[in-house]
>>> print(open('target_12.cif').read())   # mmCIF, C-alpha atoms
data_query
loop_
_atom_site.label_atom_id
_atom_site.label_comp_id
_atom_site.auth_asym_id
_atom_site.auth_seq_id
_atom_site.Cartn_x
_atom_site.Cartn_y
_atom_site.Cartn_z
CA MET U 1 -19.29 -0.14 19.65
CA LYS U 2 -15.60 0.57 19.99
CA GLN U 3 -14.36 4.10 20.34
CA LEU U 4 -13.12 6.04 17.33
CA PHE U 5 -9.90 7.73 16.55
CA PHE U 6 -9.04 10.41 14.06
CA ILE U 7 -5.97 12.24 12.84
CA ALA U 8 -5.78 15.19 15.19
CA SER U 9 -2.62 17.06 16.00
CA LEU U 10 0.07 14.41 16.56
CA PHE U 11 -1.81 11.79 18.54
CA VAL U 12 -4.01 8.73 18.17
CA SER U 13 -6.93 8.90 20.57
CA SER U 14 -8.66 5.50 20.38
CA LEU U 15 -9.81 2.60 18.22
CA SER U 16 -11.86 2.50 15.02
CA LEU U 17 -15.60 1.92 14.58
CA ALA U 18 -15.08 -1.69 13.49
CA GLY U 19 -11.69 -2.40 15.03
CA GLN U 20 -10.04 -2.63 11.62
CA SER U 21 -7.78 -0.61 9.33
CA GLU U 22 -9.01 2.70 8.01
CA VAL U 23 -8.32 4.75 4.94
CA GLU U 24 -8.27 8.52 4.80
CA ILE U 25 -10.07 10.83 2.42
CA PRO U 26 -7.33 13.48 2.79
CA TYR U 27 -9.83 16.33 2.49
CA LEU U 28 -13.46 15.84 1.54
CA ILE U 29 -14.55 18.33 -1.12
CA PRO U 30 -18.28 19.14 -1.25
CA ASP U 31 -20.19 18.38 -4.44
CA SER U 32 -22.08 21.63 -3.97
CA ILE U 33 -22.73 24.41 -1.43
CA ILE U 34 -25.97 26.37 -1.07
CA ILE U 35 -26.17 29.54 1.03
CA ASP U 36 -29.13 29.44 3.44
CA SER U 37 -29.37 32.51 5.71
CA SER U 38 -32.14 30.88 7.74
CA LEU U 39 -29.57 28.54 9.28
CA ASP U 40 -27.98 31.42 11.21
CA SER U 41 -24.90 30.13 13.10
CA THR U 42 -25.04 26.50 11.96
CA SER U 43 -24.86 24.55 8.71
CA LEU U 44 -26.45 21.37 7.42
CA LEU U 45 -24.30 18.57 6.03
CA TYR U 46 -25.72 16.04 3.59
CA PHE U 47 -23.80 12.84 2.79
CA ASN U 48 -24.65 10.31 0.13
CA PHE U 49 -22.86 6.98 -0.36
CA PRO U 50 -22.95 6.06 -4.07
CA ASN U 51 -21.39 2.59 -3.76
CA ALA U 52 -23.21 1.54 -0.58
CA THR U 53 -25.78 -0.42 -2.58
CA ASP U 54 -25.90 -3.83 -0.86
CA LEU U 55 -28.81 -3.69 1.57
CA SER U 56 -27.48 -6.73 3.44
CA SER U 57 -25.44 -4.03 5.19
CA LEU U 58 -28.43 -2.48 6.92
CA SER U 59 -26.84 0.73 8.09
CA ILE U 60 -23.85 3.03 7.95
CA SER U 61 -22.10 3.81 11.22
CA TYR U 62 -20.74 7.32 11.45
CA SER U 63 -19.16 9.74 13.88
CA LEU U 64 -19.08 13.52 13.86
CA ASP U 65 -16.45 14.86 16.25
CA GLY U 66 -16.67 11.68 18.32
CA VAL U 67 -20.49 11.61 18.54
CA GLN U 68 -21.60 8.34 16.99
CA GLY U 69 -24.73 7.44 15.11
CA GLU U 70 -26.34 5.05 12.63
CA HIS U 71 -27.86 5.83 9.23
CA SER U 72 -30.35 3.19 8.09
CA LEU U 73 -30.14 2.14 4.46
CA VAL U 74 -33.49 0.36 4.68
CA THR U 75 -35.81 2.87 6.33
CA ASN U 76 -34.00 5.98 5.13
CA GLN U 77 -32.78 5.84 1.54
CA GLY U 78 -32.10 9.58 1.49
CA ASP U 79 -28.94 11.44 2.38
CA LEU U 80 -27.51 11.34 5.87
CA GLN U 81 -28.19 14.80 7.31
CA LEU U 82 -26.10 16.27 10.13
CA GLU U 83 -25.98 19.72 11.70
CA ALA U 84 -22.70 21.40 12.65
CA THR U 85 -21.27 24.76 13.60
CA ALA U 86 -18.63 26.64 11.62
CA GLY U 87 -15.06 25.34 11.75
CA HIS U 88 -13.17 22.07 11.34
CA HIS U 89 -14.95 18.77 11.98
CA GLU U 90 -13.77 15.17 12.01
CA LEU U 91 -15.90 12.50 10.38
CA GLN U 92 -15.74 8.72 10.12
CA PHE U 93 -17.92 6.24 8.26
CA PHE U 94 -18.18 2.43 8.27
CA TYR U 95 -20.33 0.40 5.88
CA SER U 96 -19.38 -3.30 5.94
CA SER U 97 -16.43 -5.62 6.47
CA GLU U 98 -15.91 -5.72 2.70
CA TYR U 99 -14.89 -2.06 2.81
CA TYR U 100 -12.49 -0.02 4.87
CA GLU U 101 -13.62 2.69 7.21
CA GLU U 102 -13.34 6.14 5.74
CA TYR U 103 -12.35 9.13 7.81
CA THR U 104 -11.86 12.74 6.87
CA THR U 105 -11.75 16.33 8.04
CA ILE U 106 -13.99 19.08 6.70
CA ASN U 107 -14.04 22.86 7.18
CA ILE U 108 -17.39 24.60 6.97
CA GLU U 109 -18.86 28.09 7.26
CA ALA U 110 -22.13 28.97 8.96
CA GLY U 111 -25.38 29.50 7.05
CA ARG U 112 -24.79 26.92 4.33
CA ARG U 113 -25.95 23.54 3.14
CA TYR U 114 -23.07 21.24 2.14
CA TYR U 115 -23.54 18.19 -0.07
CA TYR U 116 -20.88 15.45 -0.09
CA SER U 117 -20.35 12.07 -1.75
CA VAL U 118 -18.46 9.43 0.24
CA TYR U 119 -17.12 6.40 -1.64
CA PHE U 120 -16.06 3.35 0.36
CA THR U 121 -12.77 1.64 -0.48
CA SER U 122 -12.85 -2.11 -1.05
CA SER U 123 -10.80 -4.03 1.51
CA GLU U 124 -9.51 -6.27 -1.27
CA MET U 125 -7.65 -4.52 -4.06
CA ILE U 126 -5.73 -5.62 -7.12
CA ILE U 127 -2.27 -4.13 -6.73
CA LEU U 128 0.66 -4.53 -9.09
CA THR U 129 3.68 -6.49 -7.95
CA GLU U 130 6.17 -4.13 -9.56
CA LYS U 131 9.47 -4.85 -11.24
CA PRO U 132 10.56 -8.08 -9.69
CA VAL U 133 13.92 -8.65 -11.36
CA ILE U 134 15.97 -11.81 -11.14
CA TYR U 135 19.78 -11.88 -11.24
CA LEU U 136 21.65 -15.15 -11.81
CA TYR U 137 25.28 -15.65 -10.77
CA PRO U 138 26.44 -19.22 -11.48
CA GLU U 139 30.01 -20.26 -10.70
CA LYS U 140 30.52 -21.13 -14.36
CA GLU U 141 28.70 -20.36 -17.59
CA GLN U 142 25.74 -22.72 -17.87
CA GLU U 143 22.16 -23.06 -19.05
CA VAL U 144 19.56 -22.27 -16.41
CA GLN U 145 15.79 -22.73 -16.47
CA VAL U 146 13.82 -20.12 -14.51
CA ASN U 147 10.11 -20.48 -13.77
CA VAL U 148 7.91 -17.93 -12.00
CA GLU U 149 4.36 -18.65 -10.83
CA PRO U 150 2.85 -15.34 -9.69
CA ALA U 151 -0.02 -15.27 -7.23
CA GLY U 152 -1.92 -13.16 -9.77
CA GLU U 153 -1.58 -12.73 -13.52
CA PHE U 154 1.46 -11.55 -15.45
CA THR U 155 1.02 -8.02 -16.78
CA PHE U 156 4.46 -7.79 -18.42
CA THR U 157 7.64 -9.84 -18.82
CA TYR U 158 10.98 -9.07 -20.43
CA PRO U 159 12.35 -10.96 -22.18
CA LYS U 160 9.12 -12.67 -23.16
CA TYR U 161 8.12 -15.46 -20.80
CA ASN U 162 7.37 -18.68 -22.67
CA ASP U 163 6.65 -21.36 -20.07
CA GLY U 164 9.66 -19.99 -18.25
CA TRP U 165 13.00 -18.55 -19.30
CA LYS U 166 15.81 -20.73 -20.57
CA VAL U 167 18.99 -18.67 -20.36
CA LEU U 168 22.73 -19.03 -20.71
CA ALA U 169 23.99 -17.49 -17.48
CA ALA U 170 27.54 -16.26 -16.90
CA PRO U 171 29.29 -15.71 -13.53
CA ASN U 172 29.33 -11.93 -14.09
CA GLY U 173 25.50 -11.91 -14.26
CA LYS U 174 25.17 -11.59 -18.03
CA LEU U 175 22.18 -13.56 -19.35
CA THR U 176 21.86 -14.65 -22.96
CA ILE U 177 18.64 -15.71 -24.69
CA ASP U 178 18.57 -16.21 -28.47
CA GLU U 179 21.82 -14.25 -28.85
CA ASN U 180 20.37 -11.27 -26.94
CA THR U 181 21.95 -10.31 -23.63
CA TYR U 182 20.24 -9.04 -20.49
CA ASN U 183 21.29 -7.92 -17.03
CA TYR U 184 18.29 -9.56 -15.36
CA LEU U 185 14.91 -11.19 -15.98
CA PHE U 186 11.94 -8.87 -15.49
CA TRP U 187 8.31 -9.56 -14.64
CA GLU U 188 5.28 -7.79 -13.21
CA ALA U 189 1.92 -9.20 -12.15
CA SER U 190 -1.40 -8.08 -10.72
CA ASP U 191 -2.21 -9.49 -7.31
CA ARG U 192 -5.02 -9.25 -4.78
CA LEU U 193 -4.03 -7.66 -1.51
CA THR U 194 -5.98 -6.56 1.52
CA LEU U 195 -4.55 -3.76 3.62
CA ASP U 196 -5.06 -5.96 6.69
CA GLU U 197 -2.23 -8.15 5.38
CA VAL U 198 0.26 -5.34 6.00
CA ASP U 199 1.54 -5.20 9.58
CA LEU U 200 2.16 -1.52 10.17
CA ASN U 201 3.81 -2.27 13.51
CA VAL U 202 6.95 -3.57 11.78
CA GLY U 203 9.07 -1.69 9.27
CA PHE U 204 10.42 1.82 8.92
CA THR U 205 9.09 5.35 8.59
CA VAL U 206 11.45 7.45 6.46
CA ALA U 207 11.37 11.04 5.26
CA GLY U 208 11.14 11.21 1.48
CA SER U 209 14.17 13.50 1.44
CA ASP U 210 16.19 10.79 3.23
CA ILE U 211 15.04 7.77 1.21
CA THR U 212 18.15 7.45 -0.98
CA ARG U 213 20.50 7.39 2.00
CA PHE U 214 18.21 4.98 3.85
CA LEU U 215 17.96 2.52 0.95
CA GLU U 216 21.71 2.70 0.31
CA GLU U 217 22.33 1.81 3.95
CA LYS U 218 19.83 -1.06 4.19
CA LEU U 219 20.61 -2.60 0.80
CA THR U 220 24.34 -2.45 1.49
CA GLN U 221 23.68 -4.09 4.84
CA SER U 222 21.72 -6.85 3.09
CA GLY U 223 24.63 -7.62 0.75
CA LEU U 224 23.46 -6.18 -2.58
CA ASN U 225 26.30 -4.94 -4.76
CA SER U 226 26.53 -1.41 -6.17
CA LYS U 227 24.82 -2.26 -9.47
CA GLU U 228 21.95 -4.08 -7.76
CA ARG U 229 21.49 -1.21 -5.33
CA ALA U 230 21.49 1.30 -8.18
CA ASP U 231 18.84 -0.69 -10.07
CA PHE U 232 16.65 -0.83 -6.96
CA ILE U 233 17.04 2.80 -5.93
CA THR U 234 16.65 4.33 -9.39
CA PHE U 235 13.33 2.48 -9.77
CA TRP U 236 11.81 3.14 -6.33
CA GLY U 237 13.70 6.20 -5.10
CA PRO U 238 12.13 8.98 -7.22
CA ARG U 239 8.60 7.85 -6.42
CA MET U 240 9.26 7.62 -2.69
CA ALA U 241 11.20 10.88 -2.53
CA ALA U 242 8.14 12.73 -3.87
CA HIS U 243 6.42 12.30 -0.48
CA ASP U 244 7.13 13.95 2.85
CA ASP U 245 7.25 10.59 4.63
CA VAL U 246 6.83 6.95 3.66
CA PHE U 247 6.22 3.77 5.58
CA LEU U 248 8.09 0.81 4.17
CA GLN U 249 8.46 -2.82 5.06
CA PHE U 250 10.83 -5.39 3.64
CA GLN U 251 9.85 -9.00 3.13
CA PHE U 252 12.49 -11.65 2.64
CA ASN U 253 12.93 -15.08 1.10
CA LYS U 254 10.03 -17.44 1.99
CA GLU U 255 7.81 -14.44 2.79
CA CYS U 256 8.00 -13.55 -0.91
CA ASP U 257 6.33 -16.82 -1.90
CA ARG U 258 2.97 -15.12 -1.32
CA TYR U 259 3.70 -12.99 -4.41
CA ALA U 260 5.23 -15.68 -6.61
CA GLU U 261 6.81 -19.12 -6.49
CA LEU U 262 10.32 -19.15 -7.96
CA GLU U 263 11.81 -22.37 -9.39
CA ILE U 264 15.32 -22.56 -10.81
CA ASP U 265 17.08 -25.53 -12.40
CA PRO U 266 19.82 -26.39 -11.63
CA LYS U 267 19.10 -25.56 -8.01
CA PRO U 268 21.16 -22.59 -6.78
CA ASP U 269 23.29 -22.73 -3.66
CA ASN U 270 21.68 -19.53 -2.39
CA VAL U 271 18.51 -17.62 -3.27
CA TYR U 272 17.93 -14.19 -1.75
CA ARG U 273 14.57 -12.52 -2.32
CA ILE U 274 13.76 -9.04 -1.04
CA TYR U 275 10.41 -7.35 -1.66
CA MET U 276 9.41 -3.93 -0.38
CA ILE U 277 5.88 -2.74 0.45
CA TRP U 278 5.59 1.00 0.89
CA GLN U 279 2.98 3.69 1.43
CA PRO U 280 2.98 7.48 1.79
CA VAL U 281 2.01 8.39 5.35
CA ASP U 282 1.07 11.49 7.31
CA GLN U 283 2.18 11.78 10.93
CA LEU U 284 2.53 8.11 11.81
CA ARG U 285 2.08 8.26 15.54
CA ILE U 286 4.26 5.49 16.96
CA ALA U 287 7.49 4.43 15.27
CA PRO U 288 7.18 0.85 13.97
CA GLU U 289 9.49 -1.82 15.30
CA ALA U 290 12.57 -1.79 13.07
CA GLN U 291 13.17 -4.93 11.03
CA GLU U 292 16.24 -7.07 11.15
CA ILE U 293 17.89 -7.30 7.73
CA PRO U 294 19.15 -10.78 6.81
CA VAL U 295 22.45 -10.79 4.94
CA MET U 296 22.68 -12.30 1.47
CA ASN U 297 25.00 -15.30 1.11
CA ARG U 298 26.83 -15.06 -2.22
CA ASP U 299 28.81 -18.31 -1.96
CA GLY U 300 28.36 -20.66 -4.92
CA PHE U 301 25.57 -20.34 -7.51
CA THR U 302 23.61 -17.32 -6.23
CA VAL U 303 20.25 -15.88 -7.25
CA LEU U 304 18.91 -12.47 -6.24
CA GLU U 305 15.36 -11.24 -6.80
CA TRP U 306 13.90 -7.91 -5.73
CA GLY U 307 10.51 -6.31 -6.28
CA GLY U 308 7.77 -4.54 -4.40
CA LYS U 309 4.33 -2.99 -4.11
CA GLU U 310 3.20 0.58 -3.71
CA LEU U 311 -0.01 0.61 -1.71
CA PRO U 312 -2.87 2.84 -2.91
CA SER U 313 -2.59 6.57 -2.39
CA THR U 314 -5.18 6.57 0.39
CA LYS U 315 -3.41 7.04 3.69
CA LEU U 316 -3.07 4.12 6.10
CA VAL U 317 -3.57 4.70 9.79
CA ARG U 318 -2.79 2.08 12.38
CA THR U 319 -5.40 1.04 14.93
CA LEU U 320 -3.57 0.34 18.15
#
>>> encode(input="target_12.cif", output="structure tokens")
Amino acid sequence: MKQLFFIASLFVSSLSLAGQSEVEIPYLIPDSIIIDSSLDSTSLLYFNFPNATDLSSLSISYSLDGVQGEHSLVTNQGDLQLEATAGHHELQFFYSSEYYEEYTTINIEAGRRYYYSVYFTSSEMIILTEKPVIYLYPEKEQEVQVNVEPAGEFTFTYPKYNDGWKVLAAPNGKLTIDENTYNYLFWEASDRLTLDEVDLNVGFTVAGSDITRFLEEKLTQSGLNSKERADFITFWGPRMAAHDDVFLQFQFNKECDRYAELEIDPKPDNVYRIYMIWQPVDQLRIAPEAQEIPVMNRDGFTVLEWGGKELPSTKLVRTL
């Protein structure tokens, strides 16, 4: 079995139980606490696993402060019972490859029985692809057909998507459909994503307080104009700024096909797609390798699309 690592101080100590990504229970709250003076200087910890119901996974691997063990789901259907002294303790649990490892820190007092519930997080989640917007800049006013085929299912479109959008597009970006004008075409869709698909070794770690400056710099570098940058930042900025630190990663052009196929007729001279995946993080230990930002070519009939995904609120930690 591979060694474990936990969040401790500012360092990563080793690898995970299963050699895969982990999610953090930021602080595990007990379901109940019972005082038991007979325990003297120690306490008993009881863990149950409400969604560990598939007995094809015969056991749960766990670690308490680096000491590993196995809890059989077949021969022992009861709670996992551990003994510990007063203070802070680091815990980690692994159930099956269909779920992420869970790790957490608890703080206990002596002479008590603590009862906890640990829920495993599915490794495949349905996450919204949020606010992809499409800007069209033809060289002359013309009709344009735009088709989007999301990897998942549309959850919202504006204007309404009826087997695509047929728009009258002007060089200044104004789009007209049925005498109504729009600045861009908007869609959102649900999509399945596993956290293993996100390479945490590439991207950026940014303080929430610095996110506006950072996005201004990178989006300007990529070639977005002031209006496009404002649309992007006013959507994502407030949510990201609410966290101490965020990890973010840009994906460009063909990489964005995994979220949706984009077809436009007549064919544009240039299509620039930029999607952002981001996640609140705590004390990311090693700075990811910074991405190169490709520059948008705005010569001729140009199309810009941006969108993104916010990963679930559970904290990601990189196994190294």
>>> resolve_selection(input="target_12.cif", expression="the PyMOL selection byres ((chain U and resi 276) around 12)", output="PyMOL selection string")
chain U and resi 129-132+198+203-204+215+218-219+232-233+236-237+240+246-253+255-256+259+273-275+277-279+305-311
>>> resolve_selection(input="target_12.cif", expression="the PyMOL selection byres ((chain U and resi 295) around 7)", output="ChimeraX atom specification")
/U:221-223,293-294,296-297
>>> atom_distance(input="target_12.cif", atom1="CA of Val118 (chain U)", atom2="CA of Thr205 (chain U)")
29.1 Å
>>> residues_around(input="target_12.cif", residues="Lys166 (chain U)", least_positions_apart="2", cutoff="7 Å", atoms="all atoms listed in the file", output="PDB file with C-alpha atoms, keeping the file's coordinate frame")
ATOM      1  CA  GLU U 143      22.160 -23.060 -19.050  1.00  0.00           C
ATOM      2  CA  VAL U 144      19.560 -22.270 -16.410  1.00  0.00           C
ATOM      3  CA  GLN U 145      15.790 -22.730 -16.470  1.00  0.00           C
ATOM      4  CA  VAL U 146      13.820 -20.120 -14.510  1.00  0.00           C
ATOM      5  CA  GLY U 164       9.660 -19.990 -18.250  1.00  0.00           C
TER       6      GLY U 164
END
>>> atom_distance(input="target_12.cif", atom1="CA of Arg298 (chain U)", atom2="CA of Asn270 (chain U)")
6.8 Å
>>> residues_around(input="target_12.cif", residues="Val167 (chain U)", least_positions_apart="5", cutoff="12 Å", atoms="all atoms listed in the file", output="VMD selection string")
chain U and resid 134 to 138 141 to 147 159 to 162 173 to 185 264 to 266
>>> write_last_selection(input="target_12.cif", atoms="C-alpha atoms", output="short mmCIF file (atom, residue, chain, number, x, y, z; two decimals), in the coordinates of the input")
data_model
loop_
_atom_site.label_atom_id
_atom_site.label_comp_id
_atom_site.auth_asym_id
_atom_site.auth_seq_id
_atom_site.Cartn_x
_atom_site.Cartn_y
_atom_site.Cartn_z
CA ILE U 134 15.97 -11.81 -11.14
CA TYR U 135 19.78 -11.88 -11.24
CA LEU U 136 21.65 -15.15 -11.81
CA TYR U 137 25.28 -15.65 -10.77
CA PRO U 138 26.44 -19.22 -11.48
CA GLU U 141 28.70 -20.36 -17.59
CA GLN U 142 25.74 -22.72 -17.87
CA GLU U 143 22.16 -23.06 -19.05
CA VAL U 144 19.56 -22.27 -16.41
CA GLN U 145 15.79 -22.73 -16.47
CA VAL U 146 13.82 -20.12 -14.51
CA ASN U 147 10.11 -20.48 -13.77
CA PRO U 159 12.35 -10.96 -22.18
CA LYS U 160 9.12 -12.67 -23.16
CA TYR U 161 8.12 -15.46 -20.80
CA ASN U 162 7.37 -18.68 -22.67
CA GLY U 173 25.50 -11.91 -14.26
CA LYS U 174 25.17 -11.59 -18.03
CA LEU U 175 22.18 -13.56 -19.35
CA THR U 176 21.86 -14.65 -22.96
CA ILE U 177 18.64 -15.71 -24.69
CA ASP U 178 18.57 -16.21 -28.47
CA GLU U 179 21.82 -14.25 -28.85
CA ASN U 180 20.37 -11.27 -26.94
CA THR U 181 21.95 -10.31 -23.63
CA TYR U 182 20.24 -9.04 -20.49
CA ASN U 183 21.29 -7.92 -17.03
CA TYR U 184 18.29 -9.56 -15.36
CA LEU U 185 14.91 -11.19 -15.98
CA ILE U 264 15.32 -22.56 -10.81
CA ASP U 265 17.08 -25.53 -12.40
CA PRO U 266 19.82 -26.39 -11.63
#
>>> closest_residue(input="target_12.cif", among="U:Asp36, U:Glu217, U:Glu188, U:Asp210", to="Pro238 (chain U)", atoms="all atoms listed in the file")
U:Asp210
>>> closest_residue(input="target_12.cif", among="U:Leu262, U:Leu200, U:Tyr46, U:Ile29", to="Asn107 (chain U)", atoms="all atoms listed in the file")
U:Ile29
>>> closest_residue(input="target_12.cif", among="U:Thr42, U:Ser72, U:Ser63, U:Ser117", to="Ala86 (chain U)", atoms="all atoms listed in the file")
U:Thr42
>>> resolve_selection(input="target_12.cif", expression="the PyMOL selection byres ((chain U and resi 111) around 12)", output="ChimeraX atom specification")
/U:33-45,83-86,108-110,112-114
>>> atom_distance(input="target_12.cif", atom1="CA of Asp31 (chain U)", atom2="CA of Asn48 (chain U)")
10.3 Å
>>> closest_residue(input="target_12.cif", among="U:Thr121, U:Gln68, U:Ser209, U:Thr234", to="Ser97 (chain U)", atoms="only C-alpha atoms")
U:Thr121
